[in-house]
Amino acid sequence: MGRELLSVVVTTFNNADTLDACLRGVSWADEIVVLDSGSTDATTAIAAHYGARIHTQTFVGYSAQKQAAIDLASHRWVLLLDSDESLDAESAAKLEQALRAPQHAGYQLWRREWQFWRWQSRRSRLNHYVRLFDRQRARMSEHEVHEEVQVDGSMGVLDVVIDHHGEPDISGRVAKANRYSSMQLTDLARREVSWLRLRMVVYPAVAFLRYYALRGHWRSGWAGFIAARIHAFYAFLKYAKLYELQRRRQD
């Protein structure tokens with residue numbers, strides 16, 4: 001019995017350091033679509049090496065850029081990956097098996113995080129995201145950051161783990177927290193967020209405890225502790241920046 005044809009979709013911008021591993025793990029797919037934002041490194045050369053269909057578009061935001069890439073796919077079933085994510089051979093086999101007779105409109109996959117100098121502990125909690133889906137029944141959300149695939153239909157979970165290489169060092173993780181907290185202002189400003197001063201005091205501690213204790217990142221030693229502290233800093237920054245925006249509007 002054959003399987004559904006699959007398009008792997010990746011958005012890129014100067015991702016030569018990680019793109020080879022990303023595309024190597026999905027080279028078995030029926031199609032690879034890369035939507036590039038004007039890379040100046042070897043990104044497009046790597047994509048061409050794996051036979052990808054390469055398109056170029058000015059970056060229009062994380063969600064809109066990914067939706068544009070999904071719309072370029074030739075096949076109904078899509079596997080959406082970030083350029084710093086990769087799959088091993090075992091995961092690829094499980095995806096192929098799921099595509100032989102899909103039971104749902106979309107599937108969540110697990111993701112393992114690189115934390116500065118080590119992978120997160122195997123006993124800590126993995127996040128999961130919708131990455132395999134029928135594109136005729138799914139669209140990207142409109143969030144500026146933390147965008148997600150929204151599926152119109154039933155959802156399944158596959159025993160597939162994506163390796164997320166992410167930021168290689170603390171400096172990169174802090175820079176991302178600063179950048180994302182600024183971008184999230186658009187989403188936060190649309191809502192009526194109250195008790196901002198209290199949120200700045202309380203929420204970072206809650207975010208730290210949830211990440212470090214409840215998700216089990218304490219098992220990753222100092223790497224897990226540092227990641228939790230940066231996560232709490234991000235929680236503080238997004239509300240502090242919203243408070244600053246409101247004060248400036250009042251003044």
# chains A, B, ... in the order shown; residues from 1 in each chain; ligands from 1
>>> residues_around(residues="A:Arg210", least_positions_apart="4", cutoff="12 Å", atoms="only C-alpha atoms", output="count of residues only")
17
>>> select_by_dssp(residues="stretch 5-204 of chain A", states="strand (DSSP E)", output="PyMOL selection string")
chain A and resi 6-12+31-36+53-56+77-82+85-86+106-115+118-119+127-134+138-140+149-151+155-164
>>> residues_around(residues="A:His146", least_positions_apart="6", cutoff="12 Å", atoms="only C-alpha atoms", output="JSON, numbers by chain")
{"A": [61, 62, 63, 129, 140, 177, 180, 181, 183, 184, 187]}
>>> residues_around(residues="A:Gln108", least_positions_apart="4", cutoff="7 Å", atoms="only C-alpha atoms", output="compact mmCIF listing (two decimals) with C-alpha atoms, in the first residue's frame")
# COMPACT_ATOMS: atom_id res chain seq x y z
CA HIS A 128 4.94 19.30 20.95
CA TYR A 129 3.80 21.17 17.85
CA VAL A 130 1.59 20.54 14.82
CA ARG A 131 4.06 19.93 11.98
CA LEU A 132 2.49 17.26 9.78
CA GLY A 156 -3.18 13.07 16.42
CA VAL A 157 0.18 12.76 18.16
CA LEU A 158 3.04 10.82 16.60
>>> residues_around(residues="A:Glu142", least_positions_apart="4", cutoff="9 Å", atoms="only C-alpha atoms", output="list of chain:residue names")
A:Ser63, A:Ala64, A:Glu147, A:Glu148
>>> atom_distance(atom1="atom CA of A:Ile230", atom2="atom CA of A:Leu80")
26.7 Å
>>> atom_distance(atom1="atom CA of A:Phe59", atom2="atom CA of A:Ile46")
19.7 Å
>>> atom_distance(atom1="atom CA of A:Phe236", atom2="atom CA of A:Phe208")
10.5 Å
>>> residues_around(residues="A:Gln115", least_positions_apart="6", cutoff="9 Å", atoms="only C-alpha atoms", output="VMD selection string")
chain A and resid 165 to 170 220 223 to 224 226 to 227
>>> closest_residue(among="A:Leu209, A:Ala189, A:Ala138, A:Val151", to="A:Glu244", atoms="only C-alpha atoms")
A:Ala189
